[in-house]
file start-v6.tsv (TSV, C-alpha atoms and all ligand atoms)
chain	number	residue	atom	x	y	z
A	30	MET	CA	-6.33	0.15	31.78
A	31	ARG	CA	-8.00	3.48	32.45
A	32	ARG	CA	-10.95	3.11	30.15
A	33	PRO	CA	-13.95	3.90	32.33
A	34	GLU	CA	-16.35	2.13	30.04
A	35	ARG	CA	-15.81	-1.19	28.40
A	36	ARG	CA	-17.56	-2.51	25.37
A	37	THR	CA	-20.60	-4.41	26.46
A	38	SER	CA	-21.91	-7.55	24.88
A	39	GLN	CA	-24.14	-7.37	21.84
A	40	ALA	CA	-27.03	-8.52	24.03
A	41	MET	CA	-26.49	-5.69	26.46
A	42	ARG	CA	-26.30	-3.12	23.67
A	43	ASN	CA	-29.51	-4.45	22.24
A	44	ALA	CA	-31.20	-4.12	25.62
A	45	THR	CA	-29.97	-0.60	26.28
A	46	THR	CA	-30.06	1.04	22.88
A	47	PRO	CA	-33.42	2.58	22.09
A	48	GLY	CA	-34.52	2.16	18.55
A	49	ASN	CA	-33.42	-1.41	17.98
A	50	GLY	CA	-37.02	-2.42	18.37
A	51	ARG	CA	-36.66	-5.28	20.82
A	52	ILE	CA	-37.93	-3.41	23.85
A	53	LEU	CA	-40.48	-1.26	22.10
A	54	LYS	CA	-42.10	-4.12	20.20
A	55	SER	CA	-43.09	-5.78	23.46
A	56	GLY	CA	-46.00	-3.31	23.90
A	57	ASN	CA	-49.64	-4.23	23.33
A	58	SER	CA	-50.12	-2.40	20.07
A	59	GLN	CA	-47.61	-3.33	17.41
A	60	ARG	CA	-48.66	-0.31	15.33
A	61	ASN	CA	-48.08	2.11	18.20
A	62	ALA	CA	-44.82	0.37	18.98
A	63	GLN	CA	-43.65	0.84	15.41
A	64	ARG	CA	-44.53	4.55	15.59
A	65	ILE	CA	-42.60	4.93	18.84
A	66	THR	CA	-39.69	3.05	17.34
A	67	LEU	CA	-39.57	5.44	14.42
A	68	LEU	CA	-39.78	8.47	16.68
A	69	THR	CA	-37.06	7.34	19.05
A	70	ARG	CA	-34.68	5.67	16.64
A	71	ARG	CA	-31.11	6.80	17.18
A	72	PRO	CA	-28.62	6.99	14.36
A	73	THR	CA	-27.17	3.58	13.58
A	74	MET	CA	-23.66	3.11	14.94
A	75	HIS	CA	-21.59	3.86	11.88
A	76	THR	CA	-18.08	4.04	13.26
A	77	ALA	CA	-16.28	1.13	14.87
A	78	TYR	CA	-13.47	1.82	17.35
A	79	LEU	CA	-10.91	-0.92	17.85
A	80	THR	CA	-8.16	-1.19	20.40
A	81	HIS	CA	-6.77	-3.68	22.94
A	82	PRO	CA	-5.12	-3.46	26.38
A	83	ALA	CA	-2.04	-5.22	24.98
A	84	CYS	CA	-1.30	-2.06	22.98
A	85	LEU	CA	-0.68	-0.34	26.34
A	86	LYS	CA	1.88	-2.92	27.45
A	87	HIS	CA	4.20	-2.40	24.49
A	88	ASP	CA	6.58	-0.07	26.36
A	89	ILE	CA	10.03	0.48	24.95
A	90	GLY	CA	11.50	2.71	27.58
A	91	ALA	CA	10.92	5.92	29.50
A	92	GLY	CA	11.25	8.91	27.24
A	93	HIS	CA	10.52	7.04	24.03
A	94	PRO	CA	8.00	9.15	22.09
A	95	GLU	CA	6.07	6.11	20.85
A	96	CYS	CA	4.62	5.49	24.30
A	97	PRO	CA	1.51	3.87	25.80
A	98	ALA	CA	0.14	7.29	26.82
A	99	ARG	CA	-0.66	7.91	23.14
A	100	ILE	CA	-3.55	5.46	23.34
A	101	HIS	CA	-4.88	7.18	26.47
A	102	ALA	CA	-4.46	10.65	24.95
A	103	ILE	CA	-6.85	9.73	22.15
A	104	GLU	CA	-9.29	7.90	24.36
A	105	ASP	CA	-9.35	10.71	26.93
A	106	HIS	CA	-10.31	13.21	24.25
A	107	LEU	CA	-12.99	10.88	22.90
A	108	ILE	CA	-14.44	10.67	26.42
A	109	ALA	CA	-14.20	14.41	27.03
A	110	SER	CA	-15.90	15.17	23.74
A	111	GLY	CA	-18.69	12.69	24.39
A	112	LEU	CA	-17.80	10.66	21.30
A	113	LEU	CA	-16.60	7.40	22.83
A	114	PRO	CA	-19.99	6.04	23.99
A	115	LEU	CA	-21.37	6.63	20.50
A	116	LEU	CA	-18.75	4.45	18.80
A	117	ASP	CA	-19.07	0.69	18.35
A	118	ARG	CA	-16.20	-0.40	20.56
A	119	LEU	CA	-14.42	-3.65	19.82
A	120	GLU	CA	-11.44	-5.48	21.29
A	121	ALA	CA	-8.93	-6.36	18.61
A	122	ARG	CA	-8.08	-9.97	17.96
A	123	GLN	CA	-4.59	-11.10	16.98
A	124	ALA	CA	-3.71	-11.25	13.32
A	125	THR	CA	-2.83	-14.73	12.13
A	126	VAL	CA	0.48	-15.62	10.51
A	127	GLU	CA	-1.45	-16.24	7.28
A	128	GLU	CA	-2.86	-12.71	7.40
A	129	LEU	CA	0.57	-11.21	8.12
A	130	ALA	CA	2.15	-13.25	5.34
A	131	ARG	CA	0.07	-11.44	2.73
A	132	ALA	CA	2.19	-8.34	3.44
A	133	HIS	CA	5.38	-9.72	5.00
A	134	GLY	CA	7.84	-12.46	4.19
A	135	ARG	CA	7.46	-15.60	6.27
A	136	GLY	CA	11.13	-15.43	7.25
A	137	TYR	CA	10.60	-11.92	8.60
A	138	ILE	CA	7.51	-12.96	10.57
A	139	GLU	CA	9.40	-15.90	12.05
A	140	ALA	CA	12.28	-13.58	12.99
A	141	ILE	CA	9.90	-11.25	14.86
A	142	PHE	CA	8.47	-14.19	16.81
A	143	ARG	CA	12.00	-15.41	17.51
A	144	HIS	CA	13.26	-12.00	18.66
A	145	ALA	CA	10.38	-11.37	21.08
A	146	PRO	CA	12.14	-11.24	24.47
A	147	SER	CA	10.97	-12.92	27.67
A	148	SER	CA	12.48	-10.02	29.63
A	149	GLY	CA	14.07	-6.69	28.88
A	150	LEU	CA	14.17	-5.09	25.43
A	151	ALA	CA	15.18	-6.58	22.09
A	152	TYR	CA	16.08	-3.99	19.44
A	153	LEU	CA	15.02	-4.49	15.83
A	154	ASP	CA	16.62	-1.22	14.71
A	155	PRO	CA	17.97	1.75	16.72
A	156	ASP	CA	14.45	3.21	17.08
A	157	THR	CA	12.38	0.04	17.25
A	158	ALA	CA	12.36	-2.41	20.12
A	159	MET	CA	10.26	-5.18	21.62
A	160	ASN	CA	9.50	-5.86	25.26
A	161	PRO	CA	7.83	-9.08	26.43
A	162	HIS	CA	4.39	-7.68	25.49
A	163	SER	CA	5.31	-6.20	22.12
A	164	LEU	CA	4.62	-9.30	20.05
A	165	GLU	CA	1.05	-9.51	21.29
A	166	ALA	CA	0.60	-5.76	20.82
A	167	ALA	CA	1.87	-5.97	17.24
A	168	LEU	CA	-0.40	-8.94	16.51
A	169	ARG	CA	-3.39	-7.11	18.02
A	170	ALA	CA	-2.57	-3.93	16.07
A	171	ALA	CA	-2.54	-5.79	12.77
A	172	GLY	CA	-5.54	-7.84	13.90
A	173	ALA	CA	-7.50	-4.66	14.63
A	174	ALA	CA	-6.94	-3.48	11.07
A	175	VAL	CA	-8.09	-6.84	9.68
A	176	MET	CA	-11.15	-6.87	11.94
A	177	ALA	CA	-12.00	-3.33	10.91
A	178	VAL	CA	-11.91	-4.33	7.24
A	179	ASP	CA	-14.26	-7.24	7.96
A	180	ARG	CA	-16.55	-4.90	9.88
A	181	VAL	CA	-16.94	-2.38	7.07
A	182	MET	CA	-17.11	-5.05	4.37
A	183	SER	CA	-19.99	-6.78	6.17
A	184	GLY	CA	-21.82	-3.48	6.56
A	185	GLU	CA	-21.77	-3.70	10.36
A	186	ALA	CA	-19.90	-0.39	10.36
A	187	GLU	CA	-19.61	2.32	7.76
A	188	ASN	CA	-16.08	3.12	8.82
A	189	ALA	CA	-13.63	2.33	11.62
A	190	PHE	CA	-10.76	3.80	13.58
A	191	CYS	CA	-8.06	1.59	15.10
A	192	ASN	CA	-6.43	3.16	18.18
A	193	ILE	CA	-3.45	0.86	18.09
A	194	ARG	CA	0.29	0.70	18.57
A	195	PRO	CA	2.94	-0.14	17.53
A	196	PRO	CA	2.32	1.85	14.34
A	197	GLY	CA	3.02	0.23	11.00
A	198	HIS	CA	3.74	2.32	7.93
A	199	HIS	CA	7.56	2.17	8.11
A	200	ALA	CA	7.58	-1.63	8.32
A	201	GLY	CA	8.52	-3.05	4.93
A	202	ARG	CA	7.95	-6.51	3.58
A	203	ASN	CA	11.03	-7.79	5.37
A	204	SER	CA	12.06	-5.00	7.72
A	205	ALA	CA	11.10	-3.32	10.98
A	206	ALA	CA	11.81	0.40	11.19
A	207	GLY	CA	10.72	3.69	12.71
A	208	PHE	CA	8.82	2.21	15.71
A	209	CYS	CA	6.95	-0.17	13.35
A	210	ILE	CA	6.95	-3.99	13.48
A	211	PHE	CA	4.10	-5.18	11.26
A	212	ASN	CA	2.59	-2.88	8.65
A	213	ASN	CA	-0.96	-2.74	9.93
A	214	VAL	CA	-2.48	-0.80	7.04
A	215	ALA	CA	-0.75	-3.04	4.50
A	216	VAL	CA	-2.02	-6.17	6.23
A	217	ALA	CA	-5.52	-4.63	6.08
A	218	ALA	CA	-5.19	-3.82	2.38
A	219	ALA	CA	-3.93	-7.30	1.57
A	220	HIS	CA	-6.81	-8.80	3.56
A	221	ALA	CA	-9.30	-6.76	1.55
A	222	LEU	CA	-7.71	-7.98	-1.69
A	223	GLU	CA	-7.34	-11.64	-0.79
A	224	GLN	CA	-10.24	-12.29	1.58
A	225	HIS	CA	-12.86	-9.95	0.16
A	226	GLY	CA	-11.94	-10.00	-3.51
A	227	MET	CA	-11.33	-6.28	-3.75
A	228	GLU	CA	-9.65	-5.17	-6.96
A	229	ARG	CA	-8.79	-1.60	-5.99
A	230	VAL	CA	-7.83	-0.45	-2.48
A	231	ALA	CA	-6.44	3.01	-1.73
A	232	ILE	CA	-4.30	4.04	1.24
A	233	ALA	CA	-4.13	7.73	2.16
A	234	ASP	CA	-1.17	8.48	4.45
A	235	PHE	CA	-1.02	11.97	5.99
A	236	ASP	CA	1.63	11.16	8.62
A	237	VAL	CA	4.48	13.67	8.46
A	238	HIS	CA	6.86	10.83	7.60
A	239	HIS	CA	6.74	8.99	4.29
A	240	GLY	CA	4.95	5.63	4.39
A	241	ASN	CA	7.99	3.92	2.96
A	242	GLY	CA	7.11	0.48	4.30
A	243	THR	CA	3.72	0.60	2.63
A	244	GLU	CA	5.37	1.68	-0.61
A	245	ASP	CA	7.84	-1.18	-0.30
A	246	ILE	CA	5.05	-3.73	0.09
A	247	PHE	CA	2.83	-2.48	-2.76
A	248	ARG	CA	5.40	-1.02	-5.16
A	249	ASP	CA	4.62	-3.69	-7.74
A	250	ASP	CA	0.95	-4.22	-6.94
A	251	ALA	CA	-1.23	-1.80	-8.89
A	252	ARG	CA	-4.33	-3.00	-7.05
A	253	VAL	CA	-3.24	-0.75	-4.16
A	254	MET	CA	-2.87	3.00	-4.60
A	255	LEU	CA	-0.77	4.77	-1.97
A	256	CYS	CA	-1.18	8.53	-1.58
A	257	SER	CA	1.44	9.89	0.82
A	258	THR	CA	2.18	13.47	1.84
A	259	PHE	CA	5.34	13.85	3.89
A	260	ARG	CA	8.13	16.17	4.92
A	261	HIS	CA	11.19	15.91	2.73
A	262	PRO	CA	14.09	15.72	3.17
A	263	TYR	CA	13.35	14.00	6.45
A	264	TYR	CA	13.14	10.53	7.96
A	265	PRO	CA	13.01	7.99	6.29
A	266	TYR	CA	14.80	10.01	3.58
A	267	CYS	CA	13.06	8.48	0.60
A	268	GLY	CA	9.94	8.80	-1.48
A	269	ALA	CA	10.74	12.05	-3.27
A	270	ASP	CA	12.08	10.33	-6.36
A	271	SER	CA	10.24	7.03	-6.19
A	272	GLY	CA	6.62	6.30	-6.88
A	273	ASN	CA	4.79	5.45	-10.05
A	274	ALA	CA	1.25	5.55	-11.40
A	275	HIS	CA	-0.22	3.96	-8.27
A	276	ILE	CA	2.24	5.41	-5.71
A	277	ILE	CA	1.42	9.09	-5.35
A	278	ASN	CA	4.26	10.55	-3.29
A	279	VAL	CA	3.99	14.23	-2.41
A	280	PRO	CA	7.15	15.52	-0.69
A	281	LEU	CA	6.64	18.83	1.11
A	282	PRO	CA	9.16	21.18	2.74
A	283	SER	CA	9.71	21.73	6.46
A	284	GLY	CA	7.21	24.24	7.79
A	285	THR	CA	4.36	23.17	5.55
A	286	ALA	CA	1.11	24.43	7.07
A	287	GLY	CA	-2.55	23.72	6.46
A	288	ALA	CA	-3.04	25.74	3.30
A	289	GLU	CA	-0.10	24.10	1.53
A	290	PHE	CA	-1.12	20.65	2.77
A	291	ARG	CA	-4.68	21.10	1.50
A	292	ALA	CA	-3.43	22.38	-1.84
A	293	ALA	CA	-1.12	19.36	-2.20
A	294	VAL	CA	-3.92	16.90	-1.39
A	295	THR	CA	-6.26	18.67	-3.79
A	296	ARG	CA	-3.71	18.80	-6.59
A	297	HIS	CA	-2.10	15.38	-6.28
A	298	TRP	CA	-4.26	12.97	-4.27
A	299	LEU	CA	-7.75	13.78	-5.41
A	300	PRO	CA	-7.37	13.41	-9.20
A	301	ALA	CA	-5.49	10.14	-8.68
A	302	LEU	CA	-8.12	8.78	-6.30
A	303	GLU	CA	-10.98	9.86	-8.57
A	304	SER	CA	-9.52	8.03	-11.52
A	305	PHE	CA	-8.51	4.98	-9.42
A	306	ARG	CA	-12.03	4.60	-7.96
A	307	PRO	CA	-11.06	2.68	-4.81
A	308	GLN	CA	-13.52	0.10	-3.55
A	309	LEU	CA	-12.15	0.55	-0.03
A	310	LEU	CA	-10.28	3.52	1.42
A	311	LEU	CA	-7.70	2.97	4.16
A	312	ILE	CA	-6.05	5.79	6.09
A	313	SER	CA	-2.60	5.77	7.68
A	314	ALA	CA	-3.61	8.35	10.25
A	315	GLY	CA	-0.48	9.90	11.67
A	316	PHE	CA	-0.95	13.15	13.54
A	317	ASP	CA	2.70	14.19	13.84
A	318	ALA	CA	2.28	16.92	11.20
A	319	HIS	CA	0.45	18.94	13.88
A	320	ARG	CA	2.07	22.29	14.62
A	321	GLU	CA	2.51	21.34	18.32
A	322	ASP	CA	4.41	18.14	17.44
A	323	ASP	CA	8.13	18.85	17.69
A	324	MET	CA	8.99	15.68	15.80
A	325	GLY	CA	7.26	16.79	12.63
A	326	GLY	CA	8.11	20.37	11.83
A	327	PHE	CA	4.82	20.94	9.99
A	328	GLY	CA	2.03	23.34	10.90
A	329	LEU	CA	-1.23	21.42	10.64
A	330	LYS	CA	-4.14	22.01	13.02
A	331	GLU	CA	-7.16	19.96	14.00
A	332	ALA	CA	-9.20	21.68	11.30
A	333	ASP	CA	-6.81	20.39	8.65
A	334	TYR	CA	-7.28	16.82	9.87
A	335	ALA	CA	-11.03	17.34	9.84
A	336	TRP	CA	-10.80	18.72	6.30
A	337	VAL	CA	-8.74	15.86	4.89
A	338	THR	CA	-11.02	13.34	6.62
A	339	GLN	CA	-14.11	14.96	5.12
A	340	THR	CA	-12.44	15.07	1.71
A	341	LEU	CA	-11.58	11.37	1.92
A	342	LYS	CA	-15.10	10.60	3.11
A	343	GLU	CA	-16.44	12.18	-0.07
A	344	ILE	CA	-14.12	10.01	-2.17
A	345	ALA	CA	-15.30	6.94	-0.27
A	346	ALA	CA	-18.93	7.95	-0.72
A	347	ARG	CA	-18.49	8.28	-4.48
A	348	HIS	CA	-16.51	5.10	-5.08
A	349	ALA	CA	-16.18	2.85	-2.03
A	350	GLY	CA	-19.67	2.50	-0.61
A	351	ARG	CA	-18.52	4.86	2.20
A	352	ARG	CA	-16.10	2.17	3.46
A	353	ILE	CA	-13.12	3.65	5.34
A	354	VAL	CA	-10.71	2.00	7.78
A	355	SER	CA	-8.33	4.37	9.56
A	356	VAL	CA	-5.35	3.14	11.59
A	357	LEU	CA	-3.20	5.19	13.94
A	358	GLU	CA	0.37	5.82	12.85
A	359	GLY	CA	2.43	8.66	14.41
A	360	GLY	CA	1.60	11.63	16.63
A	361	TYR	CA	3.72	12.33	19.69
A	362	ALA	CA	2.55	15.62	21.21
A	363	LEU	CA	-0.02	13.96	23.40
A	364	ASN	CA	-2.58	16.72	23.74
A	365	ALA	CA	-2.43	17.63	20.06
A	366	LEU	CA	-2.63	13.93	19.19
A	367	GLY	CA	-5.78	13.51	21.26
A	368	ARG	CA	-7.47	16.60	19.84
A	369	SER	CA	-6.51	15.76	16.27
A	370	ALA	CA	-7.60	12.14	16.43
A	371	ALA	CA	-10.89	13.18	18.04
A	372	ALA	CA	-11.46	15.67	15.21
A	373	HIS	CA	-10.70	12.91	12.69
A	374	ILE	CA	-13.04	10.44	14.38
A	375	ARG	CA	-15.80	13.03	14.77
A	376	VAL	CA	-15.81	13.59	11.01
A	377	LEU	CA	-15.65	9.85	10.32
A	378	SER	CA	-18.65	9.29	12.58
A	379	GLY	CA	-20.64	12.23	11.24
A	380	LEU	CA	-21.59	13.11	14.85
A	401	ZN	ZN	5.33	9.83	11.58
call {"tool": "encode", "arguments": {"input": "start-v6.tsv", "output": "structure tokens"}}
result
Amino acid sequence: MRRPERRTSQAMRNATTPGNGRILKSGNSQRNAQRITLLTRRPTMHTAYLTHPACLKHDIGAGHPECPARIHAIEDHLIASGLLPLLDRLEARQATVEELARAHGRGYIEAIFRHAPSSGLAYLDPDTAMNPHSLEAALRAAGAAVMAVDRVMSGEAENAFCNIRPPGHHAGRNSAAGFCIFNNVAVAAAHALEQHGMERVAIADFDVHHGNGTEDIFRDDARVMLCSTFRHPYYPYCGADSGNAHIINVPLPSGTAGAEFRAAVTRHWLPALESFRPQLLLISAGFDAHREDDMGGFGLKEADYAWVTQTLKEIAARHAGRRIVSVLEGGYALNALGRSAAAHIRVLSGL
């Protein structure tokens, strides 16, 4: 684990964060202390950042693009940009079987537990494998998304980013695929519906690949709107002719760059989201549409990720009490991934 700074306890944060009042109120004059508190108050921590060391141990072979270094690439850029200390850092807990079963079949969940190897690799599909640490990583990844929903619903955070792997949006109700085991964003959406009584949750998916697993899980559940832009025809070779009133699929050709991406979001996502009025906005944040990412074949830049994040923030401000939970999906050009995710998180945090 290379993280140079670990999340401290709540007590330590209280003792070291000016503006929380505990230190300043110990002065002789309460009135003066209140004035000082007002003058020195820092912005409240609005953005939670969730990850777990187990996500680094899910390693499915040298040369596999979905590699542990992806987590470090993002964290390194957050450190270099000075953002990481300003985020509310949390270690992800494991999702429970009950939480997973809101999005996945119990037989599928049991099969994943059964297939988890004690040594070596166990393949779930030609692209998707488990090592002895993968089950915990997958449970922590889904657990991070659930925790992040709880965090924004309680008001402890305005929004959250989950730096997690394995990714999730290709995992269907009963299927692993495309590096994905459990569908983290879908588990989060289902948690918001079932645990928090939400009636309308939106998922915005700007990964270069179609979020086919998310569509599979919510195809018949109009409480969840999925907005997905993706390259087509391309893996997973679906989505162009599916969709319905609450599944907003926007297939785009190879070579799509920022201007075309922004136009597609503006034309297709925004009217749908405005009329849907989501009470919570989730983001499947894949950064493999970046122009430096060979796997994607799109031409997005950091500024495009900042733009779409700001645009989604404005939707959330109008309809969702500013509540956003963003979970990492793809992104395999490590430097571009780090820069893009940092741009995304900077806009989320408003810093
Ligand atoms: Zn992808």
call {"tool": "closest_residue", "arguments": {"input": "start-v6.tsv", "among": "A:Ala371, A:Ala318, A:Ala167, A:Ala186", "to": "Ile103 of chain A", "atoms": "only C-alpha atoms"}}
result
A:Ala371
call {"tool": "atom_distance", "arguments": {"input": "start-v6.tsv", "atom1": "atom CA of Tyr78 of chain A", "atom2": "atom CA of Phe190 of chain A"}}
result
5.0 Å
call {"tool": "closest_residue", "arguments": {"input": "start-v6.tsv", "among": "A:Glu331, A:Glu128, A:Glu187, A:Glu289", "to": "Ala221 of chain A", "atoms": "all atoms listed in the file"}}
result
A:Glu128
call {"tool": "residues_around", "arguments": {"input": "start-v6.tsv", "residues": "Ala98 of chain A", "least_positions_apart": "6", "cutoff": "10 Å", "atoms": "all atoms listed in the file", "output": "list in words"}}
result
Leu85, Asp88, Glu104, Tyr361 and Leu363 of chain A
call {"tool": "write_last_selection", "arguments": {"input": "start-v6.tsv", "atoms": "C-alpha atoms", "output": "compact mmCIF listing (two decimals), in the coordinates of the input"}}
result
# COMPACT_ATOMS: atom_id res chain seq x y z
CA LEU A 85 -0.68 -0.34 26.34
CA ASP A 88 6.58 -0.07 26.36
CA GLU A 104 -9.29 7.90 24.36
CA TYR A 361 3.72 12.33 19.69
CA LEU A 363 -0.02 13.96 23.40
call {"tool": "residues_near_point", "arguments": {"input": "start-v6.tsv", "point": "(11.3, -8.3, 11.5)", "cutoff": "6 Å", "atoms": "all atoms listed in the file", "output": "list in words"}}
result
Tyr137, Ala140, Ile141, Ser204 and Ala205 of chain A
call {"tool": "residues_near_ligand", "arguments": {"input": "start-v6.tsv", "ligand": "ligand ZN 401 (chain A)", "cutoff": "6 Å", "atoms": "all atoms listed in the file", "output": "list in words"}}
result
Asp236, Val237, His238, Gly315, Asp317 and Gly359 of chain A
call {"tool": "closest_residue", "arguments": {"input": "start-v6.tsv", "among": "A:Phe259, A:Tyr334, A:Tyr264, A:Tyr152", "to": "Ser369 of chain A", "atoms": "all atoms listed in the file"}}
result
A:Tyr334
call {"tool": "atom_distance", "arguments": {"input": "start-v6.tsv", "atom1": "atom CA of Asp117 of chain A", "atom2": "atom CA of Ala362 of chain A"}}
result
26.4 Å
call {"tool": "residues_around", "arguments": {"input": "start-v6.tsv", "residues": "Glu139 of chain A", "least_positions_apart": "5", "cutoff": "10 Å", "atoms": "all atoms listed in the file", "output": "list in words"}}
result
Val126, Gly134 and His144 of chain A
call {"tool": "atom_distance", "arguments": {"input": "start-v6.tsv", "atom1": "atom CA of Leu299 of chain A", "atom2": "atom CA of Arg229 of chain A"}}
result
15.4 Å
call {"tool": "closest_residue", "arguments": {"input": "start-v6.tsv", "among": "A:Cys84, A:Val181, A:Gly207, A:Glu120", "to": "Asn160 of chain A", "atoms": "only C-alpha atoms"}}
result
A:Cys84
call {"tool": "closest_residue", "arguments": {"input": "start-v6.tsv", "among": "A:Ser304, A:Ala130, A:Arg351, A:Ser110", "to": "Leu377 of chain A", "atoms": "all atoms listed in the file"}}
result
A:Arg351
call {"tool": "residues_near_point", "arguments": {"input": "start-v6.tsv", "point": "(-0.5, -3.8, 9.8)", "cutoff": "7 Å", "atoms": "only C-alpha atoms", "output": "PyMOL selection string"}}
result
chain A and resi 170-171+174+197+211-217
call {"tool": "closest_residue", "arguments": {"input": "start-v6.tsv", "among": "A:Arg320, A:Arg306, A:Arg260, A:Arg291", "to": "Val279 of chain A", "atoms": "all atoms listed in the file"}}
result
A:Arg260
call {"tool": "residues_around", "arguments": {"input": "start-v6.tsv", "residues": "Arg169 of chain A", "least_positions_apart": "2", "cutoff": "7 Å", "atoms": "all atoms listed in the file", "output": "ChimeraX atom specification"}}
result
/A:81,121-124,165-167,171-173
call {"tool": "residues_around", "arguments": {"input": "start-v6.tsv", "residues": "Gly272 of chain A", "least_positions_apart": "3", "cutoff": "10 Å", "atoms": "all atoms listed in the file", "output": "ChimeraX atom specification"}}
result
/A:244,248,255-257,268-269,275-279
call {"tool": "residues_around", "arguments": {"input": "start-v6.tsv", "residues": "Ala349 of chain A", "least_positions_apart": "3", "cutoff": "7 Å", "atoms": "all atoms listed in the file", "output": "compact mmCIF listing (two decimals) with C-alpha atoms, keeping the file's coordinate frame"}}
result
# COMPACT_ATOMS: atom_id res chain seq x y z
CA PRO A 307 -11.06 2.68 -4.81
CA GLN A 308 -13.52 0.10 -3.55
CA LEU A 309 -12.15 0.55 -0.03
CA LEU A 310 -10.28 3.52 1.42
CA ALA A 345 -15.30 6.94 -0.27
CA ALA A 346 -18.93 7.95 -0.72
CA ARG A 352 -16.10 2.17 3.46
